[in-house]
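Engineer: Structure file my_file-v5.cif (mmCIF, C-alpha atoms) right here:
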data_data
#
loop_
_atom_site.label_atom_id
_atom_site.label_comp_id
_atom_site.auth_asym_id
_atom_site.auth_seq_id
_atom_site.Cartn_x
_atom_site.Cartn_y
_atom_site.Cartn_z
CA MET N 208 38.34 -2.01 50.00
CA VAL N 209 40.75 -4.75 50.88
CA HIS N 210 38.83 -7.60 49.27
CA ASP N 211 38.16 -5.78 45.99
CA VAL N 212 41.29 -7.00 44.24
CA GLY N 213 40.28 -7.41 40.61
CA GLY N 214 43.07 -5.91 38.50
CA SER N 215 45.08 -4.72 41.49
CA SER N 216 48.78 -4.59 40.78
CA VAL N 217 49.70 -8.01 42.05
CA ARG N 218 52.55 -9.53 40.12
CA GLU N 219 52.81 -12.63 42.28
CA PRO N 220 52.85 -15.99 40.56
CA ILE N 221 49.86 -18.08 41.46
CA VAL N 222 50.77 -20.68 44.05
CA ARG N 223 49.34 -23.95 42.76
CA ALA N 224 50.00 -26.15 45.79
CA GLU N 225 46.78 -27.11 47.53
CA HIS N 226 46.56 -27.93 51.21
CA ALA N 227 44.37 -30.74 52.47
CA VAL N 228 41.44 -29.14 54.23
CA LEU N 229 41.69 -29.78 57.97
CA PRO N 230 38.72 -31.17 59.92
CA TRP N 231 38.20 -27.91 61.82
CA GLU N 232 38.11 -26.03 58.50
CA LEU N 233 35.47 -28.41 57.16
CA ARG N 234 33.45 -27.79 60.32
CA VAL N 235 33.73 -24.00 59.84
CA ASP N 236 32.45 -24.44 56.31
CA ALA N 237 29.62 -26.68 57.51
CA LEU N 238 28.73 -24.23 60.29
CA MET N 239 28.40 -21.41 57.78
CA TRP N 240 26.07 -23.36 55.51
CA THR N 241 24.03 -24.54 58.48
CA LEU N 242 23.68 -21.03 59.93
CA THR N 243 22.71 -19.53 56.56
CA ASP N 244 20.30 -22.30 55.56
CA ALA N 245 16.96 -20.69 54.79
CA ALA N 246 15.26 -24.07 55.00
CA ARG N 247 16.03 -24.62 58.67
CA PRO N 248 13.14 -24.42 61.13
CA GLY N 249 13.22 -20.90 62.53
CA GLY N 250 15.00 -19.65 59.41
CA PRO N 251 18.63 -18.72 58.90
CA HIS N 252 20.68 -17.08 61.64
CA MET N 253 22.76 -15.08 59.20
CA THR N 254 23.25 -14.56 55.47
CA VAL N 255 26.22 -15.39 53.25
CA ASP N 256 26.32 -11.66 52.49
CA GLU N 257 26.87 -10.93 56.20
CA LEU N 258 29.72 -13.42 56.20
CA ARG N 259 31.29 -11.57 53.28
CA ARG N 260 30.71 -8.20 54.92
CA GLY N 261 32.39 -9.44 58.09
CA ILE N 262 35.41 -10.68 56.16
CA GLU N 263 35.64 -7.41 54.22
CA ALA N 264 35.74 -5.53 57.53
CA LEU N 265 39.00 -7.20 58.59
CA PRO N 266 42.09 -4.99 58.72
CA PRO N 267 44.00 -5.29 55.42
CA ASP N 268 47.00 -7.10 56.89
CA ASP N 269 44.74 -9.65 58.54
CA TYR N 270 42.78 -10.08 55.32
CA ARG N 271 45.99 -10.93 53.50
CA GLU N 272 47.67 -13.07 56.15
CA LEU N 273 44.92 -15.04 57.82
CA GLY N 274 43.86 -18.38 56.46
CA TYR N 275 40.64 -18.63 54.49
CA TYR N 276 38.65 -20.43 57.16
CA ALA N 277 40.12 -18.36 59.97
CA LYS N 278 38.51 -15.36 58.29
CA TRP N 279 35.19 -17.17 57.94
CA LEU N 280 35.25 -18.10 61.61
CA LEU N 281 36.07 -14.60 62.86
CA SER N 282 33.39 -13.12 60.63
CA MET N 283 30.69 -15.57 61.76
CA ILE N 284 31.45 -14.93 65.42
CA ALA N 285 31.35 -11.15 64.88
CA VAL N 286 28.06 -11.25 62.96
CA LEU N 287 26.31 -13.51 65.46
CA ALA N 288 27.71 -11.46 68.35
CA GLU N 289 26.17 -8.32 66.77
CA ARG N 290 22.89 -10.11 66.93
CA GLY N 291 23.39 -11.26 70.52
CA ILE N 292 23.28 -14.93 69.53
CA VAL N 293 26.78 -15.54 70.88
CA ASP N 294 29.13 -13.81 73.31
CA ALA N 295 32.45 -13.26 71.55
CA ALA N 296 34.48 -12.61 74.70
CA GLN N 297 33.19 -15.80 76.30
CA ILE N 298 34.04 -17.78 73.15
CA GLU N 299 37.55 -16.37 73.23
CA ARG N 300 37.99 -17.33 76.89
CA ARG N 301 36.66 -20.80 76.25
CA ALA N 302 39.02 -21.22 73.28
CA ASP N 303 41.97 -20.31 75.51
CA GLU N 304 40.73 -22.85 78.03
CA ILE N 305 40.51 -25.56 75.36
CA VAL N 306 44.09 -24.84 74.35
CA ARG N 307 45.25 -25.13 77.98
CA GLU N 308 43.28 -28.36 78.40
CA ARG N 309 45.10 -29.78 75.41
CA GLY N 310 48.42 -28.79 76.95
CA HIS N 311 49.58 -26.78 73.97
CA VAL N 312 51.99 -23.92 74.51
CA HIS N 313 50.16 -20.80 73.43
CA PRO N 314 51.76 -17.35 73.16
CA MET H 1475 35.58 -8.59 66.56
CA ILE H 1476 37.87 -11.03 68.33
CA PRO H 1477 41.45 -9.83 67.78
CA ALA H 1478 42.79 -11.75 64.85
CA HIS H 1479 46.19 -12.72 66.22
CA ARG H 1480 47.64 -14.85 63.52
CA GLU H 1481 49.04 -17.35 65.98
CA ARG H 1482 45.61 -17.88 67.44
CA ASP H 1483 44.49 -21.46 67.66
CA PHE H 1484 41.58 -21.35 65.26
CA GLU H 1485 40.81 -25.00 65.80
CA ALA H 1486 40.13 -24.23 69.46
CA LEU H 1487 38.15 -21.13 68.49
CA GLU H 1488 35.93 -23.23 66.19
CA ALA H 1489 35.35 -25.73 68.99
CA ALA H 1490 34.43 -22.97 71.45
CA PHE H 1491 32.12 -21.29 68.93
CA ARG H 1492 30.33 -24.52 68.07
CA GLU H 1493 30.07 -25.44 71.75
CA MET H 1494 28.24 -22.18 72.44
CA LEU H 1495 25.94 -22.59 69.42
CA VAL H 1496 24.99 -26.08 70.62
CA ALA H 1497 24.53 -24.93 74.21
CA ARG H 1498 22.22 -22.13 73.05
CA GLY H 1499 20.17 -24.46 70.87
CA VAL H 1500 21.15 -22.85 67.58
CA LEU H 1501 22.28 -26.14 66.04
CA SER H 1502 23.55 -29.57 66.99
CA ASP H 1503 26.85 -31.32 66.39
CA ARG H 1504 24.87 -33.81 64.29
CA ASP H 1505 23.74 -30.93 62.03
CA VAL H 1506 27.37 -30.10 61.38
CA GLU H 1507 28.40 -33.73 60.79
CA GLU H 1508 25.58 -34.22 58.30
CA ARG H 1509 26.58 -31.09 56.46
CA VAL H 1510 30.21 -32.29 56.27
CA GLU H 1511 28.99 -35.62 54.84
CA ARG H 1512 26.98 -33.77 52.19
CA MET H 1513 30.04 -31.71 51.29
CA HIS H 1514 32.04 -34.90 50.63
CA ALA H 1515 29.44 -35.88 48.03
CA CYS H 1516 30.18 -32.80 45.96
CA ARG H 1517 33.16 -33.47 43.76
CA PRO H 1518 34.40 -32.76 40.21
CA ALA H 1519 33.12 -36.11 38.90
CA LEU H 1520 29.63 -34.56 38.98
CA GLY H 1521 30.68 -31.65 36.78
CA ALA H 1522 32.52 -34.06 34.49
CA GLN H 1523 29.35 -36.12 34.11
CA VAL H 1524 27.50 -32.99 32.96
CA VAL H 1525 30.23 -32.10 30.46
CA ALA H 1526 30.37 -35.60 28.98
CA ARG H 1527 26.59 -35.72 28.58
CA ALA H 1528 26.76 -32.42 26.70
CA TRP H 1529 29.42 -33.89 24.40
CA PHE H 1530 27.23 -36.88 23.55
CA ASP H 1531 23.78 -35.27 23.43
CA PRO H 1532 23.46 -32.01 21.44
CA ASP H 1533 19.92 -31.38 22.69
CA PHE H 1534 21.11 -31.67 26.30
CA ARG H 1535 23.96 -29.33 25.46
CA ALA H 1536 21.49 -26.73 24.17
CA ARG H 1537 19.36 -27.02 27.29
CA LEU H 1538 22.48 -26.82 29.47
CA LEU H 1539 23.57 -23.58 27.86
CA ALA H 1540 20.05 -22.14 28.14
CA ASP H 1541 19.42 -23.09 31.79
CA GLY H 1542 22.32 -24.78 33.54
CA SER H 1543 20.58 -25.67 36.80
CA ALA H 1544 17.52 -27.23 35.14
CA ALA H 1545 19.66 -29.32 32.80
CA VAL H 1546 21.90 -30.59 35.60
CA ARG H 1547 18.83 -31.63 37.60
CA GLU H 1548 17.77 -33.82 34.65
CA LEU H 1549 20.81 -35.97 35.48
CA GLY H 1550 19.58 -36.44 39.04
CA ILE H 1551 22.22 -34.12 40.50
CA ASP H 1552 20.86 -32.09 43.42
CA VAL H 1553 22.13 -28.54 43.09
CA GLY H 1554 19.76 -26.93 45.56
CA ALA H 1555 19.32 -23.22 44.85
CA LEU H 1556 22.40 -23.02 42.59
CA LYS H 1557 21.93 -20.71 39.60
CA LEU H 1558 24.29 -22.26 37.12
CA VAL H 1559 25.51 -20.59 33.94
CA VAL H 1560 27.41 -22.94 31.65
CA VAL H 1561 29.78 -21.28 29.20
CA ALA H 1562 31.03 -23.23 26.21
CA ASN H 1563 34.51 -23.19 24.75
CA ASP H 1564 34.69 -23.35 20.97
CA GLU H 1565 37.22 -22.81 18.21
CA ARG H 1566 37.13 -19.06 18.75
CA THR H 1567 36.44 -18.77 22.52
CA HIS H 1568 38.11 -19.88 25.73
CA ASN H 1569 36.30 -19.24 29.00
CA LEU H 1570 37.90 -18.54 32.38
CA ILE H 1571 36.08 -18.28 35.71
CA VAL H 1572 37.05 -16.11 38.67
CA CYS H 1573 35.45 -14.43 41.67
CA THR H 1574 37.48 -11.27 42.18
CA LEU H 1575 35.56 -10.22 45.31
CA CYS H 1576 35.75 -13.46 47.27
CA SER H 1577 35.66 -17.10 46.09
CA CYS H 1578 32.23 -17.91 44.63
CA TYR H 1579 32.41 -21.31 42.98
CA PRO H 1580 29.97 -24.05 41.84
CA ARG H 1581 30.79 -26.32 44.78
CA MET H 1582 27.91 -28.68 44.21
CA LEU H 1583 29.45 -29.74 40.91
CA LEU H 1584 33.16 -29.29 41.56
CA GLY H 1585 33.62 -29.83 45.31
CA MET H 1586 35.53 -27.25 47.29
CA ALA H 1587 37.48 -24.56 45.53
CA PRO H 1588 41.26 -24.98 45.33
CA ASP H 1589 43.43 -22.60 47.38
CA TRP H 1590 44.75 -20.87 44.27
CA TYR H 1591 41.22 -19.96 43.12
CA LYS H 1592 40.71 -18.14 46.43
CA SER H 1593 44.13 -16.45 46.33
CA VAL H 1594 44.54 -12.72 45.89
CA ALA H 1595 47.02 -13.38 43.07
CA TYR H 1596 44.49 -15.31 40.95
CA ARG H 1597 41.61 -12.98 41.71
CA ALA H 1598 43.67 -9.88 40.92
CA ARG H 1599 45.27 -11.21 37.74
CA ALA H 1600 42.59 -13.31 36.02
CA VAL H 1601 40.55 -10.25 35.01
CA ARG H 1602 43.59 -8.18 34.09
CA GLU H 1603 46.02 -10.52 32.37
CA PRO H 1604 44.10 -13.73 31.70
CA ARG H 1605 46.55 -14.92 29.05
CA ALA H 1606 49.47 -14.63 31.46
CA VAL H 1607 47.46 -16.57 34.05
CA LEU H 1608 46.60 -19.24 31.50
CA ALA H 1609 50.23 -19.50 30.48
CA GLU H 1610 51.18 -20.12 34.12
CA PHE H 1611 48.75 -23.02 34.09
CA GLY H 1612 50.33 -24.30 30.89
CA VAL H 1613 47.56 -23.15 28.55
CA VAL H 1614 48.60 -21.30 25.43
CA LEU H 1615 45.70 -20.53 23.16
CA PRO H 1616 45.93 -20.85 19.36
CA PRO H 1617 45.75 -17.65 17.32
CA GLY H 1618 42.24 -16.40 16.75
CA VAL H 1619 40.91 -17.63 20.12
CA ALA H 1620 39.49 -14.93 22.37
CA VAL H 1621 39.48 -15.21 26.15
CA ARG H 1622 36.17 -14.67 27.88
CA VAL H 1623 36.57 -14.09 31.61
CA HIS H 1624 33.54 -14.43 33.90
CA ASP H 1625 33.64 -12.59 37.23
CA SER H 1626 31.23 -14.32 39.58
CA THR H 1627 30.13 -11.17 41.39
CA ALA H 1628 26.55 -12.01 42.29
CA ASP H 1629 24.08 -14.89 42.26
CA MET H 1630 25.26 -16.90 39.25
CA ARG H 1631 27.84 -19.69 39.43
CA TYR H 1632 29.82 -20.76 36.40
CA LEU H 1633 30.97 -23.99 34.78
CA VAL H 1634 33.11 -24.11 31.66
CA LEU H 1635 32.01 -26.64 29.05
CA PRO H 1636 35.32 -27.53 27.38
CA MET H 1637 35.51 -28.80 23.82
CA ARG H 1638 35.61 -32.53 23.40
CA PRO H 1639 39.26 -33.41 22.73
CA ARG H 1640 40.32 -34.91 19.43
CA GLY H 1641 41.14 -38.60 19.59
CA THR H 1642 38.16 -39.48 21.80
CA GLU H 1643 35.87 -40.67 19.02
CA GLY H 1644 36.16 -44.29 20.17
CA LEU H 1645 35.42 -43.56 23.84
CA ASP H 1646 32.07 -43.90 25.56
CA GLU H 1647 30.49 -41.20 27.73
CA ALA H 1648 31.96 -42.48 31.01
CA ALA H 1649 35.46 -42.68 29.53
CA CYS H 1650 35.08 -39.14 28.24
CA ALA H 1651 33.92 -37.91 31.64
CA ALA H 1652 37.14 -39.31 33.13
CA LEU H 1653 39.12 -36.89 30.93
CA VAL H 1654 37.38 -33.82 32.31
CA THR H 1655 39.27 -32.25 35.20
CA ARG H 1656 38.15 -29.68 37.74
CA ASP H 1657 40.70 -27.28 36.30
CA ALA H 1658 39.19 -27.67 32.81
CA MET H 1659 35.76 -26.72 34.18
CA ILE H 1660 37.25 -23.57 35.75
CA GLY H 1661 39.06 -22.80 32.51
CA VAL H 1662 42.72 -23.15 33.51
CA ALA H 1663 43.16 -26.45 31.68
CA ILE H 1664 42.12 -28.06 28.41
CA PRO H 1665 41.09 -31.73 28.42
CA GLU H 1666 43.21 -34.14 26.44
CA ALA H 1667 42.59 -37.66 25.21
CA GLY H 1668 44.67 -39.84 27.49
CA PRO H 1669 44.94 -40.20 31.29
CA ALA H 1670 43.53 -37.21 33.21
CA ARG H 1671 45.75 -35.37 35.67
CA THR H 1672 44.45 -33.20 38.47
CA MET Q 966 9.30 -7.15 37.76
CA THR Q 967 10.20 -4.39 35.35
CA TYR Q 968 13.60 -4.59 33.76
CA ALA Q 969 15.19 -1.32 32.65
CA PHE Q 970 17.59 -3.12 30.29
CA ALA Q 971 17.56 -5.98 27.84
CA ALA Q 972 20.20 -8.12 26.19
CA GLY Q 973 22.09 -6.03 23.65
CA ASP Q 974 21.66 -2.71 25.47
CA ARG Q 975 24.76 -0.59 25.96
CA VAL Q 976 25.19 0.36 29.59
CA ARG Q 977 27.68 2.20 31.73
CA VAL Q 978 28.59 1.25 35.31
CA THR Q 979 27.93 4.11 37.71
CA GLU Q 980 31.08 5.60 39.08
CA ARG Q 981 30.39 6.18 42.75
CA SER Q 982 31.97 4.99 45.93
CA ALA Q 983 29.69 3.18 48.28
CA THR Q 984 30.03 2.63 51.98
CA GLY Q 985 29.26 -0.84 53.16
CA HIS Q 986 29.06 -4.06 51.25
CA THR Q 987 28.54 -4.02 47.50
CA ARG Q 988 29.16 -6.51 44.72
CA THR Q 989 30.31 -3.99 42.10
CA PRO Q 990 34.06 -4.34 41.69
CA ARG Q 991 36.12 -1.16 41.59
CA TYR Q 992 37.78 -2.08 38.28
CA ILE Q 993 34.50 -1.98 36.33
CA LYS Q 994 33.16 1.33 37.62
CA GLY Q 995 32.74 3.94 34.92
CA LYS Q 996 33.20 1.33 32.17
CA CYS Q 997 30.80 0.74 29.29
CA GLY Q 998 29.61 -2.64 28.13
CA VAL Q 999 26.75 -4.52 26.56
CA VAL Q 1000 24.10 -6.51 28.43
CA GLU Q 1001 24.80 -10.15 27.64
CA ARG Q 1002 21.67 -11.47 29.41
CA VAL Q 1003 19.09 -10.63 32.01
CA CYS Q 1004 19.80 -12.97 34.92
CA GLY Q 1005 16.55 -12.40 36.77
CA ALA Q 1006 15.79 -10.61 40.02
CA PHE Q 1007 17.37 -11.29 43.39
CA ARG Q 1008 17.52 -9.75 46.85
CA ASN Q 1009 19.99 -6.88 47.13
CA PRO Q 1010 23.27 -8.08 48.71
CA GLU Q 1011 23.83 -4.54 50.01
CA GLU Q 1012 20.81 -5.11 52.25
CA LEU Q 1013 21.37 -8.81 52.94
CA ALA Q 1014 24.84 -7.96 54.24
CA TYR Q 1015 23.21 -6.26 57.24
CA GLY Q 1016 20.59 -8.91 57.86
CA ARG Q 1017 17.82 -7.06 56.06
CA THR Q 1018 16.28 -10.02 54.29
CA ASP Q 1019 12.79 -8.81 53.47
CA GLY Q 1020 13.60 -6.22 50.83
CA PRO Q 1021 12.46 -6.37 47.22
CA CYS Q 1022 14.22 -8.40 44.55
CA ILE Q 1023 16.11 -6.23 42.08
CA PRO Q 1024 17.15 -6.97 38.50
CA LEU Q 1025 20.54 -8.53 37.87
CA TYR Q 1026 22.34 -8.50 34.52
CA ARG Q 1027 25.46 -10.02 33.01
CA VAL Q 1028 27.29 -7.25 31.20
CA ARG Q 1029 30.13 -7.88 28.77
CA PHE Q 1030 33.10 -5.53 28.62
CA SER Q 1031 36.08 -5.42 26.30
CA LEU Q 1032 39.16 -6.13 28.41
CA SER Q 1033 41.35 -3.87 26.33
CA ASP Q 1034 38.86 -1.05 27.04
CA VAL Q 1035 38.88 -1.82 30.76
CA TRP Q 1036 42.70 -1.91 30.96
CA ARG Q 1037 43.67 0.71 28.39
CA SER Q 1038 47.04 1.39 29.98
CA ASP Q 1039 48.07 -2.25 29.73
CA ALA Q 1040 48.13 -2.49 25.95
CA ALA Q 1041 51.85 -3.15 25.58
CA ARG Q 1042 52.30 -5.65 28.41
CA PRO Q 1043 52.98 -9.30 27.63
CA GLY Q 1044 50.13 -11.51 28.69
CA ALA Q 1045 47.73 -8.57 28.54
CA ALA Q 1046 44.33 -8.92 26.95
CA VAL Q 1047 44.05 -8.80 23.20
CA ALA Q 1048 41.36 -6.97 21.31
CA ALA Q 1049 38.72 -9.67 21.33
CA ASP Q 1050 39.10 -10.61 25.01
CA THR Q 1051 36.17 -9.81 27.28
CA VAL Q 1052 35.03 -9.95 30.88
CA ASP Q 1053 31.42 -10.66 31.83
CA VAL Q 1054 30.37 -9.19 35.18
CA GLU Q 1055 27.09 -9.63 37.05
CA LEU Q 1056 25.76 -6.21 38.00
CA TYR Q 1057 22.60 -5.05 39.75
CA GLU Q 1058 20.38 -2.57 37.97
CA HIS Q 1059 20.99 0.34 40.34
CA TRP Q 1060 24.65 0.32 39.30
CA LEU Q 1061 23.87 0.68 35.59
CA GLU Q 1062 22.80 3.55 33.39
CA ARG Q 1063 22.05 3.62 29.71
CA ASP Q 1064 25.12 4.48 27.66
CA GLY Q 1065 24.17 6.84 24.90
CA THR Q 1066 27.59 6.99 23.27
CA SER Q 1067 28.18 4.91 20.15
#
Please render this file's structure as structure tokens.

Structural biologist:
Amino acid sequence: MVHDVGGSSVREPIVRAEHAVLPWELRVDALMWTLTDAARPGGPHMTVDELRRGIEALPPDDYRELGYYAKWLLSMIAVLAERGIVDAAQIERRADEIVRERGHVHP
Amino acid sequence: MIPAHRERDFEALEAAFREMLVARGVLSDRDVEERVERMHACRPALGAQVVARAWFDPDFRARLLADGSAAVRELGIDVGALKLVVVANDERTHNLIVCTLCSCYPRMLLGMAPDWYKSVAYRARAVREPRAVLAEFGVVLPPGVAVRVHDSTADMRYLVLPMRPRGTEGLDEAACAALVTRDAMIGVAIPEAGPART
Amino acid sequence: MTYAFAAGDRVRVTERSATGHTRTPRYIKGKCGVVERVCGAFRNPEELAYGRTDGPCIPLYRVRFSLSDVWRSDAARPGAAVAADTVDVELYEHWLERDGTS
């Protein structure tokens, strides 16, 4: 599977440059730990293993090209949508609305 | 799954997702802020503190190698449910940590993992050609030193205990801790006496 | 909890493909190694990955493999593993069988 890369024939040099984590990425990280926290009242809403499974289900090109936290976010939405906790289509529409509200040009 | 258009505004998607979670009572924005604050408290200085203590206290070192999480808790560091395995470098062994399947990492002691640790290139190559990877990071091992790679595939998380560098005999524990970098505790660097670099 | 293996046991990683989420990397399947330690027992990630959180805990081991055994075809490449180099991999008991070969 796409994520199972140990020993795969990758001859790329390792890119050492590190990007400063953006605030939205930190929030994605925090959301994941909050949602998977077994100590929360009512228990966790998902497991870290489900997050991984969701990421592993991405098409190979997306797995390679998408940013780390973009993958986390897509996986979390998919897993919680499976469970009926969120409505993925509504989230997508709302995201588009937020972009329009900000006045960004969006393809 | 939401189509993963690469141009998608993920910042907006995160906001929309969180908005729905809050609206449905799953969590609050305050929950997320508190978690972000906790994340800022996790940084490599904590791991360095553990390493320096092991250099100065042989009994602590033995306990650390036997049960990493319990030993770290002795220092008042909260590691939650972390199951820590500490692996020691010595004259014949150099340890290197990787998670080939994703990016498992002892965040509570090192902070967030660097981008390169999560990269396909590192994950693919560290278990196959560790010496070439080390050389890229500027580490060339002396003859007679074996590389021991640890693939963090399940519940354990790993910290490398580097050897105490020569020339540090006059330094105290805090000064020694300052020489221990995040990269040394992953295994892609070797601490040196003198100013620490990232 | 009963553990099928102990530190020092020679084991072989089962060579089977699995559908769904597993934590056994492809590169180690079919390889033989030695149990370095018993890690304890934990819930099966193959179940947790589908939200099944109430299953039994299963034994987890760290198993040490010779890298030159794992990557036999790499012997001549620069930067490849040398004879004493190893990889330790955490593996769940249902992926391991006793290796009877010497």

Engineer: Could you tell me which residues of chain Q sit within 6 Å of chain N when counting only C-alpha atoms, and give me the result as a list of chain:residue names?

Structural biologist: Q:His986, Q:Leu1013, Q:Ala1014

Engineer: Hey, can you check how far atom CA of Thr1627 of chain H sits from atom CA of Arg977 of chain Q?

Structural biologist: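 About the pair atom CA of Thr1627 of chain H and atom CA of Arg977 of chain Q: they are 16.7 Å apart.
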
Engineer: Please enclose the listed atoms of segment 288-302 of chain N in an axis-aligned box, pad each side by 8 Å, and write out the centre and the three edge lengths in Å, rounded to one decimal, as lines of an AutoDock Vina configuration file.

Structural biologist:
center_x = 31.0
center_y = -14.8
center_z = 71.8
size_x = 32.1
size_y = 28.9
size_z = 26.1

Engineer: Which residues fall under the PyMOL selection byres ((chain Q) within 12 of (chain H)) in this file, as a PDB file with C-alpha atoms, in the coordinates of the input?

Structural biologist:
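Dumped to expr-v3.pdb:
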ATOM      1  CA  HIS Q 986      29.060  -4.060  51.250  1.00  0.00           C
ATOM      2  CA  THR Q 987      28.540  -4.020  47.500  1.00  0.00           C
ATOM      3  CA  ARG Q 988      29.160  -6.510  44.720  1.00  0.00           C
ATOM      4  CA  THR Q 989      30.310  -3.990  42.100  1.00  0.00           C
ATOM      5  CA  PRO Q 990      34.060  -4.340  41.690  1.00  0.00           C
ATOM      6  CA  ARG Q 991      36.120  -1.160  41.590  1.00  0.00           C
ATOM      7  CA  TYR Q 992      37.780  -2.080  38.280  1.00  0.00           C
ATOM      8  CA  ILE Q 993      34.500  -1.980  36.330  1.00  0.00           C
ATOM      9  CA  GLU Q1001      24.800 -10.150  27.640  1.00  0.00           C
ATOM     10  CA  ARG Q1002      21.670 -11.470  29.410  1.00  0.00           C
ATOM     11  CA  VAL Q1003      19.090 -10.630  32.010  1.00  0.00           C
ATOM     12  CA  CYS Q1004      19.800 -12.970  34.920  1.00  0.00           C
ATOM     13  CA  GLY Q1005      16.550 -12.400  36.770  1.00  0.00           C
ATOM     14  CA  ALA Q1006      15.790 -10.610  40.020  1.00  0.00           C
ATOM     15  CA  PHE Q1007      17.370 -11.290  43.390  1.00  0.00           C
ATOM     16  CA  ARG Q1008      17.520  -9.750  46.850  1.00  0.00           C
ATOM     17  CA  ASN Q1009      19.990  -6.880  47.130  1.00  0.00           C
ATOM     18  CA  PRO Q1010      23.270  -8.080  48.710  1.00  0.00           C
ATOM     19  CA  GLU Q1011      23.830  -4.540  50.010  1.00  0.00           C
ATOM     20  CA  ILE Q1023      16.110  -6.230  42.080  1.00  0.00           C
ATOM     21  CA  PRO Q1024      17.150  -6.970  38.500  1.00  0.00           C
ATOM     22  CA  LEU Q1025      20.540  -8.530  37.870  1.00  0.00           C
ATOM     23  CA  TYR Q1026      22.340  -8.500  34.520  1.00  0.00           C
ATOM     24  CA  ARG Q1027      25.460 -10.020  33.010  1.00  0.00           C
ATOM     25  CA  VAL Q1028      27.290  -7.250  31.200  1.00  0.00           C
ATOM     26  CA  ARG Q1029      30.130  -7.880  28.770  1.00  0.00           C
ATOM     27  CA  PHE Q1030      33.100  -5.530  28.620  1.00  0.00           C
ATOM     28  CA  SER Q1031      36.080  -5.420  26.300  1.00  0.00           C
ATOM     29  CA  LEU Q1032      39.160  -6.130  28.410  1.00  0.00           C
ATOM     30  CA  SER Q1033      41.350  -3.870  26.330  1.00  0.00           C
ATOM     31  CA  ASP Q1034      38.860  -1.050  27.040  1.00  0.00           C
ATOM     32  CA  VAL Q1035      38.880  -1.820  30.760  1.00  0.00           C
ATOM     33  CA  TRP Q1036      42.700  -1.910  30.960  1.00  0.00           C
ATOM     34  CA  ARG Q1037      43.670   0.710  28.390  1.00  0.00           C
ATOM     35  CA  SER Q1038      47.040   1.390  29.980  1.00  0.00           C
ATOM     36  CA  ASP Q1039      48.070  -2.250  29.730  1.00  0.00           C
ATOM     37  CA  ALA Q1040      48.130  -2.490  25.950  1.00  0.00           C
ATOM     38  CA  ALA Q1041      51.850  -3.150  25.580  1.00  0.00           C
ATOM     39  CA  ARG Q1042      52.300  -5.650  28.410  1.00  0.00           C
ATOM     40  CA  PRO Q1043      52.980  -9.300  27.630  1.00  0.00           C
ATOM     41  CA  GLY Q1044      50.130 -11.510  28.690  1.00  0.00           C
ATOM     42  CA  ALA Q1045      47.730  -8.570  28.540  1.00  0.00           C
ATOM     43  CA  ALA Q1046      44.330  -8.920  26.950  1.00  0.00           C
ATOM     44  CA  VAL Q1047      44.050  -8.800  23.200  1.00  0.00           C
ATOM     45  CA  ALA Q1048      41.360  -6.970  21.310  1.00  0.00           C
ATOM     46  CA  ALA Q1049      38.720  -9.670  21.330  1.00  0.00           C
ATOM     47  CA  ASP Q1050      39.100 -10.610  25.010  1.00  0.00           C
ATOM     48  CA  THR Q1051      36.170  -9.810  27.280  1.00  0.00           C
ATOM     49  CA  VAL Q1052      35.030  -9.950  30.880  1.00  0.00           C
ATOM     50  CA  ASP Q1053      31.420 -10.660  31.830  1.00  0.00           C
ATOM     51  CA  VAL Q1054      30.370  -9.190  35.180  1.00  0.00           C
ATOM     52  CA  GLU Q1055      27.090  -9.630  37.050  1.00  0.00           C
ATOM     53  CA  LEU Q1056      25.760  -6.210  38.000  1.00  0.00           C
ATOM     54  CA  TYR Q1057      22.600  -5.050  39.750  1.00  0.00           C
TER      55      TYR Q1057
END

Engineer: Give the answer as one residue: which of H:Ala1536, H:Val1634, H:Ala1587, H:Val1524 has the shortest atom-to-atom distance to chain N, using all atoms listed in the file?

Structural biologist: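 The closest residue to chain N is H:Ala1587.
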
Engineer: Residues within 9 Å of segment 230-239 of chain N, please, as number ranges by chain. Count only C-alpha atoms; anything in the same chain fewer than 5 positions from it doesn't count.

Structural biologist: N: 244, 253-255, 258, 275-277, 279-280, 283; H: 1484-1486, 1488-1489, 1492, 1501, 1505-1510, 1513

Engineer: Expressed in Å to a single decimal, how great is the separation between atom CA of Ala1515 of chain H and atom CA of Gly1550 of chain H?

Structural biologist: 13.4 Å

Engineer: Which of these residues is nearest to chain N, using all atoms listed in the file: H:Ile1660, H:Leu1633, H:Ala1598, H:Val1614?

Structural biologist: H:Ala1598

Engineer: Got a sec: who's within 10 Å of Ile221 of chain N, counting only C-alpha atoms, leaving out chain neighbours fewer than 6 positions off, as a list in words?

Structural biologist: Asp1589, Trp1590, Tyr1591, Ser1593, Val1594, Ala1595, Tyr1596, Arg1597, Arg1599, Val1607, Glu1610 and Phe1611 of chain H
